[in-house]
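Source file: entry_0.tsv (TSV, C-alpha atoms)
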chain	number	residue	atom	x	y	z
A	1	MET	CA	198.50	14.30	205.73
A	2	GLY	CA	201.38	16.76	206.18
A	3	SER	CA	201.26	19.49	208.80
A	4	GLY	CA	201.13	22.13	206.06
A	5	ASP	CA	198.01	20.64	204.54
A	6	ARG	CA	195.12	23.10	205.01
A	7	ALA	CA	192.46	20.43	204.55
A	8	ALA	CA	191.43	17.66	206.88
A	9	VAL	CA	189.51	14.54	206.06
A	10	VAL	CA	186.25	14.48	207.99
A	11	ALA	CA	184.59	11.78	205.96
A	12	ASP	CA	185.68	9.64	203.10
A	13	ASP	CA	183.87	11.79	200.59
A	14	ILE	CA	183.98	15.32	202.06
A	15	ARG	CA	187.10	17.33	202.87
A	16	VAL	CA	186.77	20.66	204.62
A	17	ASP	CA	189.10	23.60	204.61
A	18	ARG	CA	190.60	24.29	208.04
A	19	ASP	CA	190.36	28.09	207.69
A	20	GLY	CA	186.77	27.64	206.62
A	21	VAL	CA	186.01	25.68	209.78
A	22	VAL	CA	187.51	28.43	211.95
A	23	GLU	CA	185.53	31.07	210.05
A	24	LEU	CA	182.33	29.11	210.54
A	25	MET	CA	183.05	28.84	214.26
A	26	ALA	CA	183.61	32.61	214.38
A	27	PHE	CA	180.29	33.11	212.57
A	28	LEU	CA	178.48	30.89	215.09
A	29	LEU	CA	180.07	32.61	218.09
A	30	ALA	CA	179.34	36.09	216.73
A	31	SER	CA	175.78	34.93	216.06
A	32	ALA	CA	175.47	33.71	219.65
A	33	GLU	CA	176.46	37.20	220.83
A	34	LEU	CA	174.04	38.88	218.43
A	35	CYS	CA	171.16	36.66	219.57
A	36	THR	CA	171.30	38.38	222.97
A	37	ARG	CA	170.35	41.76	221.52
A	38	GLU	CA	168.71	41.29	218.12
A	39	PRO	CA	165.03	40.52	217.37
A	40	TYR	CA	164.09	36.95	218.32
A	41	HIS	CA	163.52	35.70	214.77
A	42	TYR	CA	167.05	36.65	213.79
A	43	GLY	CA	168.30	33.69	215.83
A	44	SER	CA	166.41	31.36	213.53
A	45	PHE	CA	167.83	33.23	210.56
A	46	ARG	CA	171.40	32.85	211.83
A	47	LEU	CA	170.94	29.09	212.18
A	48	LEU	CA	169.54	28.84	208.68
A	49	ASP	CA	172.34	30.99	207.29
A	50	GLY	CA	174.82	28.90	209.26
A	51	ALA	CA	173.46	25.74	207.60
A	52	SER	CA	174.01	27.38	204.22
A	53	ARG	CA	177.56	28.37	205.15
A	54	LEU	CA	178.27	24.83	206.38
A	55	ALA	CA	176.90	23.42	203.13
A	56	GLY	CA	179.11	25.88	201.23
A	57	LEU	CA	182.15	24.84	203.24
A	58	ALA	CA	181.50	21.15	202.69
A	59	LEU	CA	180.73	21.77	199.03
A	60	LYS	CA	184.26	23.02	198.34
A	61	GLY	CA	185.72	19.62	199.15
A	62	ALA	CA	182.85	17.28	198.30
A	63	ALA	CA	183.00	14.49	195.78
A	64	ASP	CA	180.27	14.12	193.16
A	65	PRO	CA	177.50	12.20	194.94
A	66	GLN	CA	177.55	14.63	197.90
A	67	ARG	CA	178.28	17.65	195.81
A	68	HIS	CA	174.96	17.66	194.06
A	69	TRP	CA	172.71	17.68	197.11
A	70	LEU	CA	174.93	20.11	199.04
A	71	ALA	CA	174.85	22.58	196.14
A	72	GLU	CA	171.12	22.15	195.83
A	73	LEU	CA	170.57	22.64	199.57
A	74	LYS	CA	172.76	25.75	199.70
A	75	GLU	CA	171.08	27.33	196.71
A	76	ASP	CA	167.67	26.51	198.13
A	77	ILE	CA	168.45	28.07	201.52
A	78	ASP	CA	170.08	31.15	199.99
A	79	SER	CA	167.10	31.80	197.77
A	80	HIS	CA	164.62	31.47	200.66
A	81	LYS	CA	166.34	32.91	203.74
A	82	ALA	CA	165.50	36.53	202.94
A	83	LEU	CA	161.82	35.59	203.12
A	84	LEU	CA	162.10	36.55	206.79
A	85	MET	CA	162.10	40.16	205.69
A	86	TRP	CA	159.38	39.79	203.06
A	87	ASP	CA	156.89	37.15	204.05
A	88	ARG	CA	157.21	35.78	207.56
A	89	ASP	CA	154.59	33.04	207.12
A	90	ALA	CA	156.34	31.78	203.98
A	91	TYR	CA	159.63	31.85	205.92
A	92	PHE	CA	158.17	29.72	208.73
A	93	ALA	CA	156.71	27.29	206.18
A	94	TYR	CA	160.08	27.07	204.46
A	95	LEU	CA	161.82	26.15	207.73
A	96	GLN	CA	159.55	23.11	208.03
A	97	GLU	CA	159.99	22.25	204.38
A	98	VAL	CA	163.80	22.38	204.40
A	99	THR	CA	164.00	20.33	207.60
A	100	GLY	CA	161.82	17.68	205.98
A	101	ARG	CA	164.06	17.73	202.96
A	102	ILE	CA	167.22	16.97	204.92
A	103	VAL	CA	165.45	14.20	206.83
A	104	ASP	CA	164.52	12.65	203.48
A	105	HIS	CA	168.15	12.86	202.46
A	106	VAL	CA	169.33	11.16	205.65
A	107	ARG	CA	166.80	8.35	205.09
A	108	THR	CA	167.93	7.88	201.49
A	109	GLU	CA	171.56	7.72	202.58
A	110	ALA	CA	170.72	5.19	205.32
A	111	VAL	CA	169.22	2.66	202.90
A	112	LYS	CA	172.25	2.78	200.57
B	1	MET	CA	180.44	78.41	199.18
B	2	ARG	CA	176.98	77.04	199.75
B	3	PRO	CA	175.07	76.14	196.57
B	4	GLU	CA	171.92	78.13	196.00
B	5	PRO	CA	168.82	75.94	196.50
B	6	ALA	CA	167.69	76.77	192.96
B	7	ALA	CA	170.86	75.19	191.60
B	8	ILE	CA	170.00	71.83	193.16
B	9	ASP	CA	168.05	69.44	190.96
B	10	SER	CA	165.42	68.43	193.50
B	11	ARG	CA	163.95	65.78	191.22
B	12	ALA	CA	167.32	64.05	190.88
B	13	VAL	CA	167.82	64.10	194.64
B	14	LEU	CA	164.35	62.71	195.35
B	15	GLU	CA	164.75	60.10	192.60
B	16	ALA	CA	168.05	58.94	194.13
B	17	ILE	CA	166.39	58.66	197.54
B	18	LYS	CA	163.43	56.71	196.17
B	19	THR	CA	165.35	54.33	193.95
B	20	ARG	CA	168.13	53.33	196.33
B	21	ARG	CA	167.86	49.71	197.40
B	22	VAL	CA	169.96	47.43	199.55
B	23	VAL	CA	172.35	45.48	197.32
B	24	ARG	CA	173.36	42.08	198.64
B	25	ASN	CA	175.02	40.60	195.56
B	26	PHE	CA	178.18	42.19	194.27
B	27	LEU	CA	180.31	41.63	191.18
B	28	PRO	CA	183.91	40.46	191.77
B	29	LYS	CA	185.21	43.82	190.58
B	30	PRO	CA	187.31	46.24	192.65
B	31	LEU	CA	186.33	49.75	193.66
B	32	SER	CA	188.88	52.45	193.04
B	33	GLU	CA	190.11	54.84	195.68
B	34	ASN	CA	188.37	57.63	193.80
B	35	ASP	CA	185.03	55.78	193.81
B	36	ILE	CA	185.26	55.29	197.55
B	37	HIS	CA	186.52	58.82	198.15
B	38	GLN	CA	183.35	60.27	196.66
B	39	VAL	CA	181.28	58.12	199.00
B	40	LEU	CA	183.39	59.29	201.94
B	41	VAL	CA	182.89	62.93	200.96
B	42	ALA	CA	179.14	62.38	201.23
B	43	GLY	CA	179.64	60.96	204.72
B	44	ARG	CA	181.78	63.92	205.69
B	45	TRP	CA	178.98	66.33	204.72
B	46	ALA	CA	176.35	64.57	206.83
B	47	ALA	CA	174.66	66.52	209.59
B	48	THR	CA	176.26	65.95	212.99
B	49	GLY	CA	174.98	66.92	216.42
B	50	GLY	CA	176.70	70.09	217.60
B	51	ASN	CA	178.95	69.92	214.53
B	52	ARG	CA	181.08	67.52	216.51
B	53	ARG	CA	183.36	65.20	214.55
B	54	ILE	CA	183.83	62.25	216.83
B	55	HIS	CA	183.32	59.59	214.14
B	56	ARG	CA	185.97	58.07	211.96
B	57	PHE	CA	185.58	56.08	208.77
B	58	LEU	CA	187.81	53.05	208.29
B	59	VAL	CA	188.00	51.77	204.70
B	60	ILE	CA	188.89	48.13	204.13
B	61	ARG	CA	189.59	46.71	200.67
B	62	ASP	CA	192.15	44.01	201.49
B	63	PRO	CA	190.44	40.71	200.54
B	64	VAL	CA	192.06	38.84	203.46
B	65	LYS	CA	190.79	41.38	205.97
B	66	LEU	CA	187.37	41.41	204.32
B	67	ARG	CA	187.15	37.64	204.69
B	68	ARG	CA	188.01	37.89	208.37
B	69	VAL	CA	185.47	40.65	208.86
B	70	ARG	CA	182.80	38.45	207.31
B	71	SER	CA	183.50	35.70	209.81
B	72	VAL	CA	182.54	37.97	212.75
B	73	ALA	CA	179.80	39.80	210.89
B	74	PRO	CA	176.86	37.46	210.31
B	75	GLY	CA	175.00	40.41	208.73
B	76	ILE	CA	177.35	40.36	205.74
B	77	TYR	CA	176.10	37.69	203.34
B	78	SER	CA	178.03	38.42	200.20
B	79	ASP	CA	181.48	39.54	199.11
B	80	PRO	CA	181.68	43.32	198.99
B	81	ALA	CA	184.64	44.91	197.22
B	82	ALA	CA	185.09	47.24	200.16
B	83	ILE	CA	183.58	48.17	203.47
B	84	ILE	CA	183.51	51.42	205.37
B	85	VAL	CA	183.41	50.90	209.13
B	86	ILE	CA	181.98	53.87	210.99
B	87	CYS	CA	183.57	54.07	214.41
B	88	ILE	CA	183.03	56.35	217.35
B	89	ASP	CA	186.31	57.69	218.65
B	90	HIS	CA	185.77	57.75	222.42
B	91	GLU	CA	188.86	59.85	223.02
B	92	LEU	CA	187.54	62.57	220.73
B	93	ALA	CA	184.13	62.19	222.39
B	94	ARG	CA	185.67	62.78	225.81
B	95	GLY	CA	187.43	65.86	224.45
B	96	GLU	CA	184.05	67.18	223.33
B	97	TYR	CA	182.44	66.29	226.68
B	98	VAL	CA	180.06	63.90	224.90
B	99	GLN	CA	178.35	61.29	227.08
B	100	VAL	CA	178.59	58.50	224.54
B	101	ASP	CA	176.66	55.95	226.60
B	102	ARG	CA	173.78	58.34	227.33
B	103	ASP	CA	173.52	60.55	224.27
B	104	PRO	CA	171.64	58.95	221.33
B	105	VAL	CA	172.90	61.69	219.00
B	106	VAL	CA	176.20	59.88	218.57
B	107	LEU	CA	174.37	56.96	216.97
B	108	ILE	CA	172.07	59.25	215.01
B	109	ASP	CA	175.22	60.80	213.54
B	110	VAL	CA	176.35	57.33	212.48
B	111	GLY	CA	173.03	56.97	210.67
B	112	THR	CA	173.14	60.32	208.89
B	113	ALA	CA	176.67	59.64	207.63
B	114	ALA	CA	175.67	56.15	206.52
B	115	GLN	CA	172.58	57.36	204.67
B	116	ASN	CA	174.55	60.07	202.88
B	117	MET	CA	177.12	57.49	201.83
B	118	MET	CA	174.47	55.05	200.57
B	119	LEU	CA	172.84	57.77	198.50
B	120	ALA	CA	176.18	58.91	197.07
B	121	ALA	CA	177.06	55.31	196.23
B	122	HIS	CA	173.72	54.86	194.50
B	123	ALA	CA	174.24	58.05	192.49
B	124	LEU	CA	177.62	56.67	191.37
B	125	GLY	CA	176.14	53.30	190.38
B	126	ILE	CA	177.77	51.57	193.34
B	127	GLY	CA	175.68	49.14	195.37
B	128	SER	CA	175.62	49.41	199.13
B	129	CYS	CA	174.30	47.44	202.05
B	130	PRO	CA	174.18	48.48	205.69
B	131	ALA	CA	175.31	45.89	208.21
B	132	THR	CA	174.84	46.22	211.93
B	133	SER	CA	174.83	42.50	212.76
B	134	PHE	CA	178.42	42.04	213.76
B	135	SER	CA	180.32	41.34	216.93
B	136	ARG	CA	181.79	44.68	218.01
B	137	ALA	CA	184.52	42.94	220.00
B	138	GLY	CA	185.22	40.53	217.15
B	139	LEU	CA	185.36	43.27	214.53
B	140	ALA	CA	187.59	45.46	216.69
B	141	ARG	CA	189.97	42.52	217.13
B	142	VAL	CA	189.97	41.57	213.44
B	143	LEU	CA	190.74	45.16	212.43
B	144	GLY	CA	193.23	45.79	215.21
B	145	LEU	CA	191.31	48.81	216.47
B	146	PRO	CA	192.57	50.69	219.52
B	147	ALA	CA	190.30	50.55	222.57
B	148	ILE	CA	189.12	54.13	221.95
B	149	ALA	CA	187.61	53.19	218.56
B	150	VAL	CA	184.27	51.39	218.73
B	151	PRO	CA	182.80	50.11	215.45
B	152	GLU	CA	179.09	50.92	215.19
B	153	PHE	CA	178.22	50.41	211.54
B	154	VAL	CA	179.56	48.59	208.49
B	155	LEU	CA	178.71	49.81	205.01
B	156	GLU	CA	179.26	47.20	202.32
B	157	LEU	CA	180.14	48.56	198.88
B	158	GLY	CA	180.55	46.97	195.49
B	159	TRP	CA	179.37	46.95	191.92
B	160	PRO	CA	175.86	45.48	191.88
B	161	ALA	CA	175.31	42.01	190.46
B	162	GLU	CA	171.88	40.65	189.62
B	163	GLN	CA	169.62	40.90	192.66
B	164	PRO	CA	166.94	38.38	193.63
B	165	ASN	CA	163.54	39.98	193.20
B	166	LEU	CA	161.66	38.60	196.18
B	167	SER	CA	159.04	41.33	195.96
B	168	ALA	CA	157.86	39.89	192.64
B	169	VAL	CA	157.35	36.43	194.16
B	170	HIS	CA	156.16	37.61	197.55
B	171	PRO	CA	154.50	40.98	197.03
B	172	LYS	CA	154.37	43.08	200.14
B	173	ALA	CA	152.10	46.06	200.64
B	174	ARG	CA	154.14	49.22	200.26
B	175	VAL	CA	154.27	51.46	203.28
B	176	ARG	CA	152.85	54.88	202.42
B	177	VAL	CA	153.93	58.18	203.90
B	178	GLU	CA	150.43	58.42	205.40
B	179	ASP	CA	151.04	55.19	207.30
B	180	LEU	CA	154.06	56.72	208.99
B	181	THR	CA	152.90	60.27	209.61
B	182	TYR	CA	150.62	62.08	212.00
B	183	TRP	CA	149.83	65.76	211.68
B	184	GLU	CA	149.69	68.10	214.63
B	185	GLU	CA	148.63	65.41	217.09
B	186	TRP	CA	149.34	61.70	217.60
B	187	GLY	CA	146.94	59.54	215.58
B	188	ASN	CA	145.81	62.28	213.18
B	189	SER	CA	146.74	61.19	209.67
B	190	THR	CA	145.21	64.15	207.88
B	191	ALA	CA	147.15	67.31	207.15
B	192	VAL	CA	145.63	70.50	208.50
B	193	ASP	CA	145.35	72.22	205.14
B	194	LYS	CA	143.39	69.24	203.80
B	195	GLN	CA	141.08	69.42	206.81
B	196	HIS	CA	140.48	73.09	206.11
B	197	GLN	CA	139.79	72.68	202.43
B	198	PRO	CA	136.29	73.89	201.57
B	199	SER	CA	133.98	71.00	200.80
Translate the structure described by the file into structure tokens.
Amino acid sequence: MGSGDRAAVVADDIRVDRDGVVELMAFLLASAELCTREPYHYGSFRLLDGASRLAGLALKGAADPQRHWLAELKEDIDSHKALLMWDRDAYFAYLQEVTGRIVDHVRTEAVK
Amino acid sequence: MRPEPAAIDSRAVLEAIKTRRVVRNFLPKPLSENDIHQVLVAGRWAATGGNRRIHRFLVIRDPVKLRRVRSVAPGIYSDPAAIIVICIDHELARGEYVQVDRDPVVLIDVGTAAQNMMLAAHALGIGSCPATSFSRAGLARVLGLPAIAVPEFVLELGWPAEQPNLSAVHPKARVRVEDLTYWEEWGNSTAVDKQHQPS
């Protein structure tokens, strides 16, 4: 890979954009600062949103088998994260559900 | 010249207030300088404590800058066409003998300007979203602000795209005015003239 290449191989089937990685780090650091003064539940929200942003970053350079589940995960998170402001119980239930979903994915990948 | 109250369409004003919603999805379509200028005019006419003018509005439309702003502003979820950053100018504040760290009015003034701008945007068909979840230090650095300028509020602006309707899936009881208001003494939800109505 040349020095001018803005992408770096992190796995054999996902490439991530270097600027995107820096932006995600900035998001995480800004979130860490915000967690010291915002309502407690916002910390959970930032982590969930961060997972969506990470999925989005990976999605840009993912090959087909990974692409599908990353897109699905991102869309799922984005359509549920605002539940925090509408229905807190549903939001808490969703956090358990989405964690279970990624564990299922990891198990499926492990048996391949 | 001040407009006469009779010349103001009160129904239109109240309708604008009641129908404004936070817009989180924007179309990839630019906002013109004129569109933004009208929003800024509304901010300029907001009530300010002591008629002091210690706030400054910084408009950002450059896509590269907007992307950098997003990275230090976790409260911005989508891609606005523009943002207006409301800053407190501490040098101006000192000149006005304002105690910025002790006087809540300076932040109230941020809110009145922001609300005026959101209503003006709504009236123009422009979507808006308030964002306060950002790193002040990070934002100041990204925008190259001088030390005297402290960013307190980011208003996202853009043409509204389709919005997710969470309230349809997860209905939430609407807060009524009565839930928020007491009359004459704390805890009394009934207006005096209703209490005095003959039975």
Taking only C-alpha atoms into account, which residues of chain A are within 10 Å of chain B, as a PDB file with C-alpha atoms, in the frame of the given file?
ATOM      1  CA  GLY A  20     186.770  27.640 206.620  1.00  0.00           C
ATOM      2  CA  VAL A  22     187.510  28.430 211.950  1.00  0.00           C
ATOM      3  CA  GLU A  23     185.530  31.070 210.050  1.00  0.00           C
ATOM      4  CA  LEU A  24     182.330  29.110 210.540  1.00  0.00           C
ATOM      5  CA  MET A  25     183.050  28.840 214.260  1.00  0.00           C
ATOM      6  CA  ALA A  26     183.610  32.610 214.380  1.00  0.00           C
ATOM      7  CA  PHE A  27     180.290  33.110 212.570  1.00  0.00           C
ATOM      8  CA  LEU A  28     178.480  30.890 215.090  1.00  0.00           C
ATOM      9  CA  LEU A  29     180.070  32.610 218.090  1.00  0.00           C
ATOM     10  CA  ALA A  30     179.340  36.090 216.730  1.00  0.00           C
ATOM     11  CA  SER A  31     175.780  34.930 216.060  1.00  0.00           C
ATOM     12  CA  ALA A  32     175.470  33.710 219.650  1.00  0.00           C
ATOM     13  CA  GLU A  33     176.460  37.200 220.830  1.00  0.00           C
ATOM     14  CA  LEU A  34     174.040  38.880 218.430  1.00  0.00           C
ATOM     15  CA  CYS A  35     171.160  36.660 219.570  1.00  0.00           C
ATOM     16  CA  ARG A  37     170.350  41.760 221.520  1.00  0.00           C
ATOM     17  CA  GLU A  38     168.710  41.290 218.120  1.00  0.00           C
ATOM     18  CA  TYR A  42     167.050  36.650 213.790  1.00  0.00           C
ATOM     19  CA  PHE A  45     167.830  33.230 210.560  1.00  0.00           C
ATOM     20  CA  ARG A  46     171.400  32.850 211.830  1.00  0.00           C
ATOM     21  CA  ASP A  49     172.340  30.990 207.290  1.00  0.00           C
ATOM     22  CA  GLY A  50     174.820  28.900 209.260  1.00  0.00           C
ATOM     23  CA  ARG A  53     177.560  28.370 205.150  1.00  0.00           C
ATOM     24  CA  ASP A  78     170.080  31.150 199.990  1.00  0.00           C
ATOM     25  CA  SER A  79     167.100  31.800 197.770  1.00  0.00           C
ATOM     26  CA  HIS A  80     164.620  31.470 200.660  1.00  0.00           C
ATOM     27  CA  ALA A  82     165.500  36.530 202.940  1.00  0.00           C
ATOM     28  CA  LEU A  83     161.820  35.590 203.120  1.00  0.00           C
ATOM     29  CA  MET A  85     162.100  40.160 205.690  1.00  0.00           C
ATOM     30  CA  TRP A  86     159.380  39.790 203.060  1.00  0.00           C
ATOM     31  CA  ASP A  87     156.890  37.150 204.050  1.00  0.00           C
ATOM     32  CA  ALA A  90     156.340  31.780 203.980  1.00  0.00           C
TER      33      ALA A  90
END
Within 9 Å of Gly49 of chain B, counting all atoms listed in the file, which residues show up once you throw out same-chain ones fewer than 4 positions away? Write them as a short mmCIF file (atom, residue, chain, number, x, y, z; two decimals) with C-alpha atoms, in the frame of the given file, please.
data_model
loop_
_atom_site.label_atom_id
_atom_site.label_comp_id
_atom_site.auth_asym_id
_atom_site.auth_seq_id
_atom_site.Cartn_x
_atom_site.Cartn_y
_atom_site.Cartn_z
CA ARG B 53 183.36 65.20 214.55
CA VAL B 105 172.90 61.69 219.00
CA VAL B 106 176.20 59.88 218.57
CA ILE B 108 172.07 59.25 215.01
CA ASP B 109 175.22 60.80 213.54
#
Exercise for the section: Write out as JSON, numbers by chain the residues lying within 10 Å of Leu143 of chain B, counting all atoms listed in the file and excluding same-chain residues fewer than 6 positions away. Expected result: {"B": [58, 60, 65, 66, 68, 69, 85, 151]}
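Reported to one decimal place, the separation of atom CA of Gly158 of chain B from atom CA of Val142 of chain B is 21.0 Å.
Proximity of B:Pro130, B:Ala140, B:Ala120, B:Val177 to Ala12 of chain B, computed with all atoms listed in the file, is greatest for B:Ala120.
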Exercise for the section: Take atom CA of Val110 of chain B and atom CA of Gln163 of chain B and report the distance between them in Å, one decimal. Expected result: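 According to the coordinates, atom CA of Val110 of chain B and atom CA of Gln163 of chain B are separated by 26.6 Å.
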Problem - Non-local contacts of Arg101 of chain A (12 Å; all atoms listed in the file; under 2 positions in same chain excluded) as a PyMOL selection string - result: chain A and resi 69-70+72-73+76-77+94-99+103-108
Practice task
Point out the residue among A:Asp64, A:Asp19, A:Glu109, A:Glu75 with the least atom-to-atom distance to Val64 of chain B, counting all atoms listed in the file.
Solution key: A:Asp19
Practice task
Excluding Glu33 of chain B and any residue of its chain fewer than 6 positions from it, enumerate the residues within 12 Å of it, using only C-alpha atoms, and give them as an MDAnalysis selection string.
Solution key: chainID B and resid 39:40 59:61 81:82
Taking all atoms of segment 120-136 of chain B that the file lists and extending 8 Å past them on each side, where is the centre of the axis-aligned box and how long are its edges? Answer in Å to one decimal, as JSON.
{"center_x": 177.8, "center_y": 50.1, "center_z": 204.2, "size_x": 24.1, "size_y": 33.6, "size_z": 43.6}
Starting from the incomplete input, reconstruct all heavy atoms of segment 47-55 of chain A and report them as a PDB file, in the frame of the given file.
ATOM      1  N   LEU A  47     170.773  30.543 212.285  1.00  0.00           N
ATOM      2  CA  LEU A  47     170.940  29.090 212.180  1.00  0.00           C
ATOM      3  C   LEU A  47     170.784  28.634 210.736  1.00  0.00           C
ATOM      4  O   LEU A  47     171.547  27.803 210.233  1.00  0.00           O
ATOM      5  CB  LEU A  47     169.930  28.368 213.082  1.00  0.00           C
ATOM      6  CG  LEU A  47     170.217  28.452 214.586  1.00  0.00           C
ATOM      7  CD1 LEU A  47     169.032  27.897 215.384  1.00  0.00           C
ATOM      8  CD2 LEU A  47     171.477  27.666 214.927  1.00  0.00           C
ATOM      9  N   LEU A  48     169.771  29.200 210.085  1.00  0.00           N
ATOM     10  CA  LEU A  48     169.540  28.840 208.680  1.00  0.00           C
ATOM     11  C   LEU A  48     170.723  29.273 207.820  1.00  0.00           C
ATOM     12  O   LEU A  48     171.229  28.492 206.996  1.00  0.00           O
ATOM     13  CB  LEU A  48     168.239  29.528 208.196  1.00  0.00           C
ATOM     14  CG  LEU A  48     167.738  29.139 206.811  1.00  0.00           C
ATOM     15  CD1 LEU A  48     167.369  27.663 206.750  1.00  0.00           C
ATOM     16  CD2 LEU A  48     166.533  29.989 206.416  1.00  0.00           C
ATOM     17  N   ASP A  49     171.188  30.488 208.033  1.00  0.00           N
ATOM     18  CA  ASP A  49     172.340  30.990 207.290  1.00  0.00           C
ATOM     19  C   ASP A  49     173.584  30.151 207.605  1.00  0.00           C
ATOM     20  O   ASP A  49     174.402  29.869 206.728  1.00  0.00           O
ATOM     21  CB  ASP A  49     172.571  32.467 207.639  1.00  0.00           C
ATOM     22  CG  ASP A  49     173.530  33.150 206.686  1.00  0.00           C
ATOM     23  OD1 ASP A  49     173.572  32.763 205.504  1.00  0.00           O
ATOM     24  OD2 ASP A  49     174.241  34.079 207.119  1.00  0.00           O
ATOM     25  N   GLY A  50     173.699  29.744 208.870  1.00  0.00           N
ATOM     26  CA  GLY A  50     174.820  28.900 209.260  1.00  0.00           C
ATOM     27  C   GLY A  50     174.797  27.563 208.534  1.00  0.00           C
ATOM     28  O   GLY A  50     175.849  27.052 208.116  1.00  0.00           O
ATOM     29  N   ALA A  51     173.586  27.005 208.350  1.00  0.00           N
ATOM     30  CA  ALA A  51     173.460  25.740 207.600  1.00  0.00           C
ATOM     31  C   ALA A  51     173.929  25.943 206.166  1.00  0.00           C
ATOM     32  O   ALA A  51     174.628  25.087 205.590  1.00  0.00           O
ATOM     33  CB  ALA A  51     172.020  25.247 207.650  1.00  0.00           C
ATOM     34  N   SER A  52     173.575  27.090 205.596  1.00  0.00           N
ATOM     35  CA  SER A  52     174.010  27.380 204.220  1.00  0.00           C
ATOM     36  C   SER A  52     175.527  27.507 204.158  1.00  0.00           C
ATOM     37  O   SER A  52     176.169  27.001 203.232  1.00  0.00           O
ATOM     38  CB  SER A  52     173.349  28.681 203.753  1.00  0.00           C
ATOM     39  OG  SER A  52     174.023  29.194 202.639  1.00  0.00           O
ATOM     40  N   ARG A  53     176.096  28.197 205.137  1.00  0.00           N
ATOM     41  CA  ARG A  53     177.560  28.370 205.150  1.00  0.00           C
ATOM     42  C   ARG A  53     178.273  27.026 205.336  1.00  0.00           C
ATOM     43  O   ARG A  53     179.314  26.770 204.735  1.00  0.00           O
ATOM     44  CB  ARG A  53     177.963  29.348 206.257  1.00  0.00           C
ATOM     45  CG  ARG A  53     177.564  30.779 205.931  1.00  0.00           C
ATOM     46  CD  ARG A  53     177.825  31.707 207.094  1.00  0.00           C
ATOM     47  NE  ARG A  53     177.207  33.010 206.872  1.00  0.00           N
ATOM     48  CZ  ARG A  53     177.861  34.180 206.897  1.00  0.00           C
ATOM     49  NH1 ARG A  53     179.141  34.203 207.144  1.00  0.00           N
ATOM     50  NH2 ARG A  53     177.232  35.310 206.677  1.00  0.00           N
ATOM     51  N   LEU A  54     177.683  26.159 206.173  1.00  0.00           N
ATOM     52  CA  LEU A  54     178.270  24.830 206.380  1.00  0.00           C
ATOM     53  C   LEU A  54     178.192  24.015 205.090  1.00  0.00           C
ATOM     54  O   LEU A  54     179.162  23.345 204.705  1.00  0.00           O
ATOM     55  CB  LEU A  54     177.543  24.108 207.515  1.00  0.00           C
ATOM     56  CG  LEU A  54     178.018  22.696 207.839  1.00  0.00           C
ATOM     57  CD1 LEU A  54     179.506  22.677 208.191  1.00  0.00           C
ATOM     58  CD2 LEU A  54     177.200  22.109 208.994  1.00  0.00           C
ATOM     59  N   ALA A  55     177.048  24.117 204.420  1.00  0.00           N
ATOM     60  CA  ALA A  55     176.900  23.420 203.130  1.00  0.00           C
ATOM     61  C   ALA A  55     177.938  23.941 202.135  1.00  0.00           C
ATOM     62  O   ALA A  55     178.567  23.171 201.404  1.00  0.00           O
ATOM     63  CB  ALA A  55     175.486  23.614 202.585  1.00  0.00           C
TER      64      ALA A  55
END
